[in-house]
>>> print(open('structure32.cif').read())   # mmCIF, C-alpha atoms and all ligand atoms
data_work
#
loop_
_atom_site.group_PDB
_atom_site.id
_atom_site.type_symbol
_atom_site.label_atom_id
_atom_site.label_comp_id
_atom_site.auth_asym_id
_atom_site.auth_seq_id
_atom_site.Cartn_x
_atom_site.Cartn_y
_atom_site.Cartn_z
ATOM 1 C CA MET A 1 48.104 -66.000 -25.510
ATOM 2 C CA THR A 2 44.309 -65.760 -25.714
ATOM 3 C CA ASP A 3 42.057 -64.320 -28.432
ATOM 4 C CA GLU A 4 41.476 -61.313 -26.191
ATOM 5 C CA SER A 5 45.103 -60.225 -26.019
ATOM 6 C CA PRO A 6 45.828 -56.873 -27.707
ATOM 7 C CA SER A 7 48.291 -58.335 -30.217
ATOM 8 C CA ARG A 8 45.792 -60.885 -31.494
ATOM 9 C CA LEU A 9 43.169 -58.186 -31.630
ATOM 10 C CA THR A 10 45.125 -55.767 -33.787
ATOM 11 C CA SER A 11 46.792 -58.298 -36.061
ATOM 12 C CA ASP A 12 43.441 -59.618 -37.216
ATOM 13 C CA ASP A 13 43.090 -59.907 -40.998
ATOM 14 C CA HIS A 14 39.607 -58.436 -40.887
ATOM 15 C CA LEU A 15 40.795 -55.099 -39.594
ATOM 16 C CA GLY A 16 41.126 -52.582 -42.395
ATOM 17 C CA ARG A 17 42.368 -49.014 -42.326
ATOM 18 C CA VAL A 18 42.159 -46.814 -39.264
ATOM 19 C CA LEU A 19 39.205 -44.472 -39.685
ATOM 20 C CA LEU A 20 39.715 -42.459 -36.502
ATOM 21 C CA SER A 21 42.801 -42.650 -34.335
ATOM 22 C CA GLU A 22 42.851 -42.728 -30.555
ATOM 23 C CA GLU A 23 44.083 -39.117 -30.577
ATOM 24 C CA GLN A 24 41.356 -37.903 -32.945
ATOM 25 C CA LEU A 25 38.682 -39.551 -30.822
ATOM 26 C CA ALA A 26 40.101 -38.172 -27.585
ATOM 27 C CA GLN A 27 40.377 -34.623 -28.934
ATOM 28 C CA ARG A 28 36.844 -34.530 -30.308
ATOM 29 C CA ILE A 29 35.353 -35.989 -27.144
ATOM 30 C CA ILE A 30 37.054 -33.278 -25.097
ATOM 31 C CA GLU A 31 35.441 -30.678 -27.380
ATOM 32 C CA ILE A 32 32.000 -32.228 -27.016
ATOM 33 C CA GLY A 33 32.467 -32.405 -23.248
ATOM 34 C CA GLU A 34 33.328 -28.701 -23.145
ATOM 35 C CA GLN A 35 30.248 -27.888 -25.201
ATOM 36 C CA VAL A 36 28.008 -29.940 -22.906
ATOM 37 C CA THR A 37 29.606 -28.278 -19.861
ATOM 38 C CA GLU A 38 28.725 -24.864 -21.310
ATOM 39 C CA ASP A 39 25.217 -25.830 -22.435
ATOM 40 C CA TYR A 40 24.254 -27.435 -19.119
ATOM 41 C CA ALA A 41 25.933 -24.976 -16.741
ATOM 42 C CA GLY A 42 24.146 -24.972 -13.387
ATOM 43 C CA ARG A 43 22.316 -28.218 -14.170
ATOM 44 C CA ARG A 44 22.987 -31.847 -13.420
ATOM 45 C CA PRO A 45 22.436 -33.803 -16.631
ATOM 46 C CA LEU A 46 21.728 -37.489 -16.673
ATOM 47 C CA LEU A 47 23.774 -39.346 -19.260
ATOM 48 C CA VAL A 48 21.833 -42.299 -20.612
ATOM 49 C CA CYS A 49 24.395 -44.649 -22.090
ATOM 50 C CA VAL A 50 23.047 -46.972 -24.759
ATOM 51 C CA LEU A 51 24.706 -50.326 -24.235
ATOM 52 C CA ARG A 52 26.644 -51.885 -25.370
ATOM 53 C CA GLY A 53 28.302 -49.836 -28.091
ATOM 54 C CA ALA A 54 28.305 -46.452 -26.325
ATOM 55 C CA TYR A 55 30.116 -47.588 -23.191
ATOM 56 C CA ALA A 56 33.555 -46.328 -24.256
ATOM 57 C CA PHE A 57 32.303 -43.004 -25.597
ATOM 58 C CA CYS A 58 30.103 -42.403 -22.568
ATOM 59 C CA THR A 59 32.977 -43.072 -20.200
ATOM 60 C CA GLU A 60 35.306 -40.628 -21.948
ATOM 61 C CA LEU A 61 32.541 -38.063 -22.418
ATOM 62 C CA ALA A 62 31.672 -38.128 -18.719
ATOM 63 C CA PHE A 63 35.334 -37.518 -17.856
ATOM 64 C CA SER A 64 35.262 -34.493 -20.182
ATOM 65 C CA ILE A 65 32.188 -32.850 -18.656
ATOM 66 C CA ASP A 66 32.972 -30.480 -15.810
ATOM 67 C CA LEU A 67 29.576 -30.841 -14.141
ATOM 68 C CA PRO A 68 28.106 -33.274 -11.616
ATOM 69 C CA VAL A 69 26.593 -35.672 -14.146
ATOM 70 C CA GLU A 70 24.716 -38.850 -13.327
ATOM 71 C CA ILE A 71 24.942 -41.934 -15.519
ATOM 72 C CA ASP A 72 22.448 -44.691 -16.177
ATOM 73 C CA PHE A 73 22.336 -47.457 -18.748
ATOM 74 C CA ILE A 74 19.816 -48.777 -21.199
ATOM 75 C CA ALA A 75 20.385 -51.655 -23.585
ATOM 76 C CA VAL A 76 18.641 -52.215 -26.873
ATOM 77 C CA SER A 77 19.488 -54.418 -29.794
ATOM 78 C CA SER A 78 18.428 -54.520 -33.385
ATOM 79 C CA TYR A 79 21.499 -56.058 -34.964
ATOM 80 C CA GLY A 80 22.085 -59.139 -32.822
ATOM 81 C CA SER A 81 25.265 -60.777 -34.082
ATOM 82 C CA SER A 82 24.485 -59.749 -37.644
ATOM 83 C CA THR A 83 25.978 -56.792 -39.518
ATOM 84 C CA ARG A 84 22.507 -55.941 -40.833
ATOM 85 C CA THR A 85 19.736 -54.430 -38.729
ATOM 86 C CA SER A 86 16.815 -56.764 -38.076
ATOM 87 C CA GLY A 87 14.491 -53.755 -38.343
ATOM 88 C CA VAL A 88 13.050 -54.458 -34.903
ATOM 89 C CA VAL A 89 14.439 -52.806 -31.781
ATOM 90 C CA ARG A 90 14.386 -54.907 -28.647
ATOM 91 C CA LEU A 91 14.712 -53.486 -25.120
ATOM 92 C CA VAL A 92 17.299 -55.646 -23.392
ATOM 93 C CA LYS A 93 17.836 -53.637 -20.194
ATOM 94 C CA ASP A 94 15.801 -50.696 -18.943
ATOM 95 C CA LEU A 95 16.981 -47.684 -16.909
ATOM 96 C CA ASP A 96 16.934 -47.688 -13.129
ATOM 97 C CA VAL A 97 16.547 -43.909 -12.776
ATOM 98 C CA ASP A 98 13.211 -42.090 -12.997
ATOM 99 C CA LEU A 99 13.478 -39.569 -15.860
ATOM 100 C CA SER A 100 10.703 -37.214 -14.809
ATOM 101 C CA GLY A 101 12.017 -33.656 -14.569
ATOM 102 C CA ARG A 102 15.555 -34.686 -15.528
ATOM 103 C CA ASP A 103 17.819 -33.154 -18.162
ATOM 104 C CA VAL A 104 18.595 -36.254 -20.159
ATOM 105 C CA ILE A 105 21.405 -36.670 -22.664
ATOM 106 C CA LEU A 106 21.083 -39.870 -24.633
ATOM 107 C CA VAL A 107 24.589 -41.079 -25.479
ATOM 108 C CA GLU A 108 24.981 -43.253 -28.574
ATOM 109 C CA ASP A 109 28.019 -44.642 -30.333
ATOM 110 C CA ILE A 110 26.530 -44.484 -33.825
ATOM 111 C CA VAL A 111 23.410 -43.361 -35.614
ATOM 112 C CA ASP A 112 23.064 -45.463 -38.728
ATOM 113 C CA THR A 113 19.511 -45.992 -40.012
ATOM 114 C CA GLY A 114 18.128 -44.055 -37.037
ATOM 115 C CA LEU A 115 15.831 -46.933 -36.095
ATOM 116 C CA THR A 116 17.311 -47.357 -32.620
ATOM 117 C CA LEU A 117 17.245 -43.652 -31.914
ATOM 118 C CA ARG A 118 13.622 -43.243 -32.990
ATOM 119 C CA TYR A 119 12.655 -46.079 -30.670
ATOM 120 C CA LEU A 120 14.672 -44.701 -27.753
ATOM 121 C CA ARG A 121 13.378 -41.162 -28.203
ATOM 122 C CA ARG A 122 9.772 -42.319 -28.086
ATOM 123 C CA SER A 123 10.446 -44.461 -25.059
ATOM 124 C CA LEU A 124 12.342 -41.803 -23.088
ATOM 125 C CA GLU A 125 10.120 -38.851 -24.036
ATOM 126 C CA ALA A 126 7.124 -40.749 -22.675
ATOM 127 C CA ARG A 127 8.775 -40.716 -19.235
ATOM 128 C CA GLY A 128 8.505 -36.939 -18.845
ATOM 129 C CA PRO A 129 12.087 -35.628 -18.786
ATOM 130 C CA ALA A 130 12.587 -31.852 -18.469
ATOM 131 C CA SER A 131 14.705 -32.060 -21.605
ATOM 132 C CA LEU A 132 16.050 -34.751 -23.896
ATOM 133 C CA GLU A 133 19.040 -34.286 -26.179
ATOM 134 C CA VAL A 134 21.026 -36.797 -28.184
ATOM 135 C CA CYS A 135 24.801 -37.020 -28.315
ATOM 136 C CA THR A 136 26.388 -39.485 -30.705
ATOM 137 C CA LEU A 137 30.049 -40.130 -31.367
ATOM 138 C CA LEU A 138 29.406 -41.195 -34.962
ATOM 139 C CA ALA A 139 26.721 -40.649 -37.540
ATOM 140 C CA ARG A 140 26.396 -41.997 -41.050
ATOM 141 C CA GLU A 141 26.456 -39.396 -43.788
ATOM 142 C CA SER A 142 23.070 -40.795 -44.784
ATOM 143 C CA ALA A 143 21.467 -40.259 -41.363
ATOM 144 C CA ASP A 144 18.804 -37.556 -41.032
ATOM 145 C CA LEU A 145 20.336 -35.933 -37.961
ATOM 146 C CA GLU A 146 18.025 -32.940 -38.012
ATOM 147 C CA GLY A 147 14.926 -35.084 -38.313
ATOM 148 C CA LEU A 148 16.176 -37.304 -35.513
ATOM 149 C CA GLY A 149 16.950 -34.298 -33.312
ATOM 150 C CA VAL A 150 20.621 -35.078 -32.727
ATOM 151 C CA ARG A 151 22.305 -32.166 -30.939
ATOM 152 C CA TYR A 152 25.897 -33.355 -30.555
ATOM 153 C CA VAL A 153 27.785 -35.296 -33.234
ATOM 154 C CA GLY A 154 31.423 -36.329 -32.982
ATOM 155 C CA PHE A 155 32.112 -37.411 -36.534
ATOM 156 C CA THR A 156 30.116 -38.032 -39.690
ATOM 157 C CA ILE A 157 31.363 -41.152 -41.436
ATOM 158 C CA PRO A 158 30.709 -42.981 -44.727
ATOM 159 C CA GLY A 159 29.003 -46.345 -45.015
ATOM 160 C CA ASP A 160 31.905 -48.669 -44.128
ATOM 161 C CA PHE A 161 31.351 -51.220 -41.403
ATOM 162 C CA VAL A 162 33.395 -49.877 -38.509
ATOM 163 C CA VAL A 163 34.634 -51.468 -35.305
ATOM 164 C CA GLY A 164 36.501 -50.383 -32.202
ATOM 165 C CA PHE A 165 36.013 -47.890 -29.392
ATOM 166 C CA GLY A 166 32.880 -49.731 -28.276
ATOM 167 C CA LEU A 167 31.645 -50.874 -31.678
ATOM 168 C CA ASP A 168 31.727 -54.566 -32.454
ATOM 169 C CA ALA A 169 31.539 -57.217 -35.135
ATOM 170 C CA ALA A 170 29.808 -60.174 -33.485
ATOM 171 C CA GLU A 171 30.989 -58.865 -30.078
ATOM 172 C CA ARG A 172 34.649 -58.525 -31.117
ATOM 173 C CA TYR A 173 36.822 -55.420 -31.287
ATOM 174 C CA ARG A 174 34.903 -53.329 -28.749
ATOM 175 C CA ASN A 175 38.172 -52.920 -26.824
ATOM 176 C CA LEU A 176 40.162 -51.415 -29.690
ATOM 177 C CA ARG A 177 41.248 -47.916 -28.681
ATOM 178 C CA TYR A 178 40.613 -46.568 -32.186
ATOM 179 C CA LEU A 179 38.029 -46.943 -34.927
ATOM 180 C CA ALA A 180 38.853 -49.182 -37.868
ATOM 181 C CA VAL A 181 37.103 -50.414 -40.969
ATOM 182 C CA TYR A 182 36.001 -54.038 -40.676
ATOM 183 C CA GLU A 183 36.539 -56.217 -43.712
ATOM 184 C CA PRO A 184 34.653 -59.498 -43.558
ATOM 185 C CA GLU A 185 35.948 -62.464 -45.577
ATOM 186 C CA ASP A 186 33.285 -62.280 -48.266
ATOM 187 C CA HIS A 187 34.370 -58.749 -49.257
HETATM 188 C C1 LIG B 201 24.155 -50.289 -32.747
HETATM 189 C C2 LIG B 201 24.556 -48.951 -32.175
HETATM 190 C C3 LIG B 201 23.275 -48.162 -32.172
HETATM 191 C C4 LIG B 201 22.516 -48.750 -33.340
HETATM 192 C C5 LIG B 201 22.556 -47.790 -34.491
HETATM 193 O O1 LIG B 201 23.633 -51.086 -31.725
HETATM 194 O O2 LIG B 201 25.087 -49.073 -30.881
HETATM 195 O O3 LIG B 201 22.550 -48.331 -30.988
HETATM 196 O O4 LIG B 201 23.165 -49.973 -33.692
HETATM 197 O O5 LIG B 201 21.954 -48.312 -35.645
HETATM 198 P P1 LIG B 201 20.597 -47.755 -36.262
HETATM 199 O O6 LIG B 201 20.703 -46.260 -36.329
HETATM 200 O O7 LIG B 201 20.562 -48.394 -37.619
HETATM 201 O O8 LIG B 201 19.456 -48.211 -35.396
HETATM 202 P P2 LIG B 201 23.572 -52.705 -31.786
HETATM 203 O O9 LIG B 201 22.143 -53.113 -32.010
HETATM 204 O O10 LIG B 201 24.597 -53.224 -32.738
HETATM 205 O O11 LIG B 201 23.948 -53.110 -30.309
HETATM 206 P P3 LIG B 201 25.308 -52.862 -29.495
HETATM 207 O O12 LIG B 201 25.357 -51.384 -29.160
HETATM 208 O O13 LIG B 201 25.143 -53.705 -28.291
HETATM 209 O O14 LIG B 201 26.476 -53.284 -30.353
#
>>> encode(input="structure32.cif", output="structure tokens")
Amino acid sequence: MTDESPSRLTSDDHLGRVLLSEEQLAQRIIEIGEQVTEDYAGRRPLLVCVLRGAYAFCTELAFSIDLPVEIDFIAVSSYGSSTRTSGVVRLVKDLDVDLSGRDVILVEDIVDTGLTLRYLRRSLEARGPASLEVCTLLARESADLEGLGVRYVGFTIPGDFVVGFGLDAAERYRNLRYLAVYEPEDH
């Protein structure tokens, strides 16, 4: 059995309580998908998935949108392998698609300090999209969602360090089907 096997993954001592179950996530993503379908009727939105964390959410969201969406990927990093933001956002992989005239939906897994989102907004707005909206699965209660212009929010969560459904702790747990609280040893 390897470290990547599901049983090793879920029996890990660092995994705390389940914050959002697979069913809760699935249900909410369907609702967001229906809302996007209504809001973008007659258009062909471009989903910009922010790697790596948003990959799972973006996949499920795309399945839930009943429109001919396109998907492209951008990768930024401010946390590295640390659980604390470095305060500096680094572009790791840029988009391939030209954004000019496109209806762009930026898809994030979590808005925490908002640093990443502010950086991405500036970068994408400068490319002349017809519209730019933000859709995040999770947002911290402390995040200024209005100030950051976030249109779609799955769940607002407290300050716990969370993993699963795309979110990691030093690259682990992204493949958990649910969202759990992460409890490092020094806690
Ligand atoms: C995480 C997450 C967001 C960002 C949110 O990315 O995916 O992009 O942090 O935090 P902020 O609001 O404080 O900027 P991370 O840098 O951990 O990269 P990852 O998505 O590859 O895990």
>>> residues_near_ligand(input="structure32.cif", ligand="ligand LIG 201 (chain B)", cutoff="6 Å", atoms="only C-alpha atoms and all ligand atoms", output="PyMOL selection string")
chain A and resi 51-53+77-79+109-116+167-168
>>> residues_around(input="structure32.cif", residues="region 136-142 of chain A", least_positions_apart="6", cutoff="9 Å", atoms="only C-alpha atoms", output="list of chain:residue names")
A:Leu25, A:Arg28, A:Ile29, A:Ala54, A:Phe57, A:Leu106, A:Val107, A:Glu108, A:Asp109, A:Ile110, A:Val111, A:Asp112, A:Thr113, A:Val150, A:Arg151, A:Tyr152, A:Val153, A:Gly154, A:Phe155, A:Thr156, A:Ile157, A:Pro158, A:Gly159
>>> atom_distance(input="structure32.cif", atom1="CA of Tyr173 (chain A)", atom2="CA of Leu145 (chain A)")
26.4 Å
>>> atom_distance(input="structure32.cif", atom1="CA of Arg90 (chain A)", atom2="CA of Val69 (chain A)")
27.0 Å
>>> resolve_selection(input="structure32.cif", expression="the PyMOL selection byres (((chain A and resi 165) around 7) and not hetatm)", output="PyMOL selection string")
chain A and resi 56+164+166-167+174-179
>>> write_last_selection(input="structure32.cif", atoms="C-alpha atoms", output="CSV table (one decimal), in the coordinates of the input")
chain,number,residue,atom,x,y,z
A,56,ALA,CA,33.6,-46.3,-24.3
A,164,GLY,CA,36.5,-50.4,-32.2
A,166,GLY,CA,32.9,-49.7,-28.3
A,167,LEU,CA,31.6,-50.9,-31.7
A,174,ARG,CA,34.9,-53.3,-28.7
A,175,ASN,CA,38.2,-52.9,-26.8
A,176,LEU,CA,40.2,-51.4,-29.7
A,177,ARG,CA,41.2,-47.9,-28.7
A,178,TYR,CA,40.6,-46.6,-32.2
A,179,LEU,CA,38.0,-46.9,-34.9
>>> residues_near_point(input="structure32.cif", point="(12.1, -42.8, -30.6)", cutoff="12 Å", atoms="only C-alpha atoms", output="VMD selection string")
chain A and resid 89 106 114 to 126 132 to 134 147 to 150
>>> axis_aligned_box(input="structure32.cif", around="region 70-79 of chain A", padding_each_side="8 Å", output="JSON")
{"center_x": 21.7, "center_y": -47.5, "center_z": -24.1, "size_x": 22.5, "size_y": 33.2, "size_z": 37.6}
>>> atom_distance(input="structure32.cif", atom1="CA of Glu34 (chain A)", atom2="CA of Leu61 (chain A)")
9.4 Å
>>> decode(input="structure32.cif", residues="region 19-154 of chain A", atoms="C-alpha atoms", output="PDB file, in the first residue's frame")
ATOM      1  CA  LEU A  19     -16.187  20.581   7.613  1.00  0.00           C
ATOM      2  CA  LEU A  20     -18.141  19.917   4.424  1.00  0.00           C
ATOM      3  CA  SER A  21     -19.204  16.487   3.253  1.00  0.00           C
ATOM      4  CA  GLU A  22     -19.053  15.216  -0.304  1.00  0.00           C
ATOM      5  CA  GLU A  23     -22.847  15.566  -0.506  1.00  0.00           C
ATOM      6  CA  GLN A  24     -22.868  19.148   0.794  1.00  0.00           C
ATOM      7  CA  LEU A  25     -20.195  20.145  -1.703  1.00  0.00           C
ATOM      8  CA  ALA A  26     -21.954  18.430  -4.594  1.00  0.00           C
ATOM      9  CA  GLN A  27     -25.326  20.003  -3.792  1.00  0.00           C
ATOM     10  CA  ARG A  28     -23.966  23.529  -3.482  1.00  0.00           C
ATOM     11  CA  ILE A  29     -21.933  23.247  -6.668  1.00  0.00           C
ATOM     12  CA  ILE A  30     -25.051  22.185  -8.561  1.00  0.00           C
ATOM     13  CA  GLU A  31     -26.795  25.317  -7.248  1.00  0.00           C
ATOM     14  CA  ILE A  32     -23.936  27.572  -8.305  1.00  0.00           C
ATOM     15  CA  GLY A  33     -23.870  25.905 -11.720  1.00  0.00           C
ATOM     16  CA  GLU A  34     -27.589  26.573 -12.158  1.00  0.00           C
ATOM     17  CA  GLN A  35     -27.091  30.204 -11.188  1.00  0.00           C
ATOM     18  CA  VAL A  36     -24.229  30.614 -13.665  1.00  0.00           C
ATOM     19  CA  THR A  37     -26.325  28.915 -16.368  1.00  0.00           C
ATOM     20  CA  GLU A  38     -29.093  31.467 -15.772  1.00  0.00           C
ATOM     21  CA  ASP A  39     -26.775  34.480 -15.525  1.00  0.00           C
ATOM     22  CA  TYR A  40     -24.826  33.636 -18.686  1.00  0.00           C
ATOM     23  CA  ALA A  41     -27.698  32.390 -20.859  1.00  0.00           C
ATOM     24  CA  GLY A  42     -26.862  32.875 -24.535  1.00  0.00           C
ATOM     25  CA  ARG A  43     -23.170  33.439 -23.793  1.00  0.00           C
ATOM     26  CA  ARG A  44     -20.138  31.205 -23.752  1.00  0.00           C
ATOM     27  CA  PRO A  45     -18.218  31.936 -20.555  1.00  0.00           C
ATOM     28  CA  LEU A  46     -14.577  31.124 -20.135  1.00  0.00           C
ATOM     29  CA  LEU A  47     -13.820  29.451 -16.826  1.00  0.00           C
ATOM     30  CA  VAL A  48     -10.362  30.405 -15.621  1.00  0.00           C
ATOM     31  CA  CYS A  49      -9.344  27.742 -13.143  1.00  0.00           C
ATOM     32  CA  VAL A  50      -6.742  28.847 -10.624  1.00  0.00           C
ATOM     33  CA  LEU A  51      -4.380  25.939 -10.137  1.00  0.00           C
ATOM     34  CA  ARG A  52      -3.809  24.015  -8.281  1.00  0.00           C
ATOM     35  CA  GLY A  53      -6.436  24.243  -5.562  1.00  0.00           C
ATOM     36  CA  ALA A  54      -9.461  25.000  -7.764  1.00  0.00           C
ATOM     37  CA  TYR A  55      -9.105  21.999 -10.056  1.00  0.00           C
ATOM     38  CA  ALA A  56     -11.719  19.854  -8.289  1.00  0.00           C
ATOM     39  CA  PHE A  57     -14.247  22.657  -7.884  1.00  0.00           C
ATOM     40  CA  CYS A  58     -13.788  23.834 -11.459  1.00  0.00           C
ATOM     41  CA  THR A  59     -14.322  20.338 -12.804  1.00  0.00           C
ATOM     42  CA  GLU A  60     -17.563  19.832 -10.883  1.00  0.00           C
ATOM     43  CA  LEU A  61     -18.744  23.372 -11.604  1.00  0.00           C
ATOM     44  CA  ALA A  62     -18.221  22.926 -15.341  1.00  0.00           C
ATOM     45  CA  PHE A  63     -20.288  19.724 -15.240  1.00  0.00           C
ATOM     46  CA  SER A  64     -23.065  21.703 -13.527  1.00  0.00           C
ATOM     47  CA  ILE A  65     -23.226  24.518 -16.082  1.00  0.00           C
ATOM     48  CA  ASP A  66     -25.628  23.863 -18.933  1.00  0.00           C
ATOM     49  CA  LEU A  67     -23.832  26.129 -21.399  1.00  0.00           C
ATOM     50  CA  PRO A  68     -20.941  25.651 -23.821  1.00  0.00           C
ATOM     51  CA  VAL A  69     -18.198  26.826 -21.467  1.00  0.00           C
ATOM     52  CA  GLU A  70     -14.505  26.950 -22.267  1.00  0.00           C
ATOM     53  CA  ILE A  71     -11.860  26.246 -19.645  1.00  0.00           C
ATOM     54  CA  ASP A  72      -8.330  27.536 -19.282  1.00  0.00           C
ATOM     55  CA  PHE A  73      -5.843  27.368 -16.443  1.00  0.00           C
ATOM     56  CA  ILE A  74      -3.654  29.809 -14.612  1.00  0.00           C
ATOM     57  CA  ALA A  75      -1.345  28.950 -11.743  1.00  0.00           C
ATOM     58  CA  VAL A  76      -0.194  31.282  -9.021  1.00  0.00           C
ATOM     59  CA  SER A  77       1.371  30.615  -5.673  1.00  0.00           C
ATOM     60  CA  SER A  78       1.812  32.630  -2.546  1.00  0.00           C
ATOM     61  CA  TYR A  79       1.877  29.875   0.041  1.00  0.00           C
ATOM     62  CA  GLY A  80       4.486  27.488  -1.346  1.00  0.00           C
ATOM     63  CA  SER A  81       4.604  24.499   0.985  1.00  0.00           C
ATOM     64  CA  SER A  82       3.903  26.703   3.986  1.00  0.00           C
ATOM     65  CA  THR A  83       0.543  27.160   5.715  1.00  0.00           C
ATOM     66  CA  ARG A  84       1.190  30.909   5.867  1.00  0.00           C
ATOM     67  CA  THR A  85       1.037  33.227   2.869  1.00  0.00           C
ATOM     68  CA  SER A  86       4.398  34.635   1.804  1.00  0.00           C
ATOM     69  CA  GLY A  87       2.634  37.903   0.944  1.00  0.00           C
ATOM     70  CA  VAL A  88       3.969  37.785  -2.606  1.00  0.00           C
ATOM     71  CA  VAL A  89       1.971  36.239  -5.439  1.00  0.00           C
ATOM     72  CA  ARG A  90       3.985  34.472  -8.097  1.00  0.00           C
ATOM     73  CA  LEU A  91       2.653  33.627 -11.573  1.00  0.00           C
ATOM     74  CA  VAL A  92       3.576  30.000 -12.158  1.00  0.00           C
ATOM     75  CA  LYS A  93       1.614  29.306 -15.355  1.00  0.00           C
ATOM     76  CA  ASP A  94      -0.169  31.817 -17.563  1.00  0.00           C
ATOM     77  CA  LEU A  95      -3.342  31.326 -19.635  1.00  0.00           C
ATOM     78  CA  ASP A  96      -3.217  30.168 -23.231  1.00  0.00           C
ATOM     79  CA  VAL A  97      -6.474  31.865 -24.263  1.00  0.00           C
ATOM     80  CA  ASP A  98      -6.732  35.528 -25.261  1.00  0.00           C
ATOM     81  CA  LEU A  99      -9.209  37.188 -22.866  1.00  0.00           C
ATOM     82  CA  SER A 100     -10.155  40.173 -25.000  1.00  0.00           C
ATOM     83  CA  GLY A 101     -13.928  40.349 -25.419  1.00  0.00           C
ATOM     84  CA  ARG A 102     -14.502  37.192 -23.368  1.00  0.00           C
ATOM     85  CA  ASP A 103     -16.913  36.666 -20.483  1.00  0.00           C
ATOM     86  CA  VAL A 104     -14.479  35.419 -17.891  1.00  0.00           C
ATOM     87  CA  ILE A 105     -15.346  33.621 -14.672  1.00  0.00           C
ATOM     88  CA  LEU A 106     -12.360  33.275 -12.396  1.00  0.00           C
ATOM     89  CA  VAL A 107     -12.757  30.040 -10.433  1.00  0.00           C
ATOM     90  CA  GLU A 108     -11.031  29.834  -7.051  1.00  0.00           C
ATOM     91  CA  ASP A 109     -11.091  27.223  -4.325  1.00  0.00           C
ATOM     92  CA  ILE A 110     -10.704  29.678  -1.451  1.00  0.00           C
ATOM     93  CA  VAL A 111     -10.464  33.381  -0.795  1.00  0.00           C
ATOM     94  CA  ASP A 112      -8.495  33.847   2.390  1.00  0.00           C
ATOM     95  CA  THR A 113      -6.560  37.119   2.706  1.00  0.00           C
ATOM     96  CA  GLY A 114      -7.658  38.128  -0.800  1.00  0.00           C
ATOM     97  CA  LEU A 115      -4.058  38.693  -1.881  1.00  0.00           C
ATOM     98  CA  THR A 116      -4.200  36.146  -4.699  1.00  0.00           C
ATOM     99  CA  LEU A 117      -7.515  37.425  -5.965  1.00  0.00           C
ATOM    100  CA  ARG A 118      -6.397  41.058  -6.012  1.00  0.00           C
ATOM    101  CA  TYR A 119      -3.355  40.053  -8.038  1.00  0.00           C
ATOM    102  CA  LEU A 120      -5.373  37.923 -10.459  1.00  0.00           C
ATOM    103  CA  ARG A 121      -8.054  40.564 -10.944  1.00  0.00           C
ATOM    104  CA  ARG A 122      -5.490  43.193 -11.873  1.00  0.00           C
ATOM    105  CA  SER A 123      -3.747  40.816 -14.222  1.00  0.00           C
ATOM    106  CA  LEU A 124      -6.901  39.589 -15.980  1.00  0.00           C
ATOM    107  CA  GLU A 125      -8.674  42.962 -16.158  1.00  0.00           C
ATOM    108  CA  ALA A 126      -5.658  44.381 -17.982  1.00  0.00           C
ATOM    109  CA  ARG A 127      -6.288  41.876 -20.791  1.00  0.00           C
ATOM    110  CA  GLY A 128      -9.592  43.459 -21.824  1.00  0.00           C
ATOM    111  CA  PRO A 129     -12.282  40.855 -21.093  1.00  0.00           C
ATOM    112  CA  ALA A 130     -15.909  41.795 -21.845  1.00  0.00           C
ATOM    113  CA  SER A 131     -16.693  40.876 -18.253  1.00  0.00           C
ATOM    114  CA  LEU A 132     -14.876  39.389 -15.287  1.00  0.00           C
ATOM    115  CA  GLU A 133     -16.613  37.709 -12.367  1.00  0.00           C
ATOM    116  CA  VAL A 134     -15.221  35.648  -9.524  1.00  0.00           C
ATOM    117  CA  CYS A 135     -16.605  32.339  -8.319  1.00  0.00           C
ATOM    118  CA  THR A 136     -15.098  30.762  -5.229  1.00  0.00           C
ATOM    119  CA  LEU A 137     -16.064  27.555  -3.486  1.00  0.00           C
ATOM    120  CA  LEU A 138     -14.926  28.835  -0.090  1.00  0.00           C
ATOM    121  CA  ALA A 139     -14.365  32.186   1.525  1.00  0.00           C
ATOM    122  CA  ARG A 140     -13.100  33.054   4.973  1.00  0.00           C
ATOM    123  CA  GLU A 141     -15.559  34.883   7.180  1.00  0.00           C
ATOM    124  CA  SER A 142     -12.897  37.581   7.404  1.00  0.00           C
ATOM    125  CA  ALA A 143     -12.619  38.092   3.633  1.00  0.00           C
ATOM    126  CA  ASP A 144     -13.946  41.344   2.160  1.00  0.00           C
ATOM    127  CA  LEU A 145     -15.979  39.679  -0.581  1.00  0.00           C
ATOM    128  CA  GLU A 146     -17.728  42.861  -1.639  1.00  0.00           C
ATOM    129  CA  GLY A 147     -14.491  44.800  -1.878  1.00  0.00           C
ATOM    130  CA  LEU A 148     -12.925  41.965  -3.840  1.00  0.00           C
ATOM    131  CA  GLY A 149     -15.918  41.771  -6.181  1.00  0.00           C
ATOM    132  CA  VAL A 150     -16.733  38.108  -5.597  1.00  0.00           C
ATOM    133  CA  ARG A 151     -20.034  37.221  -7.280  1.00  0.00           C
ATOM    134  CA  TYR A 152     -20.450  33.530  -6.464  1.00  0.00           C
ATOM    135  CA  VAL A 153     -19.553  31.989  -3.098  1.00  0.00           C
ATOM    136  CA  GLY A 154     -20.133  28.362  -2.168  1.00  0.00           C
TER     137      GLY A 154
END
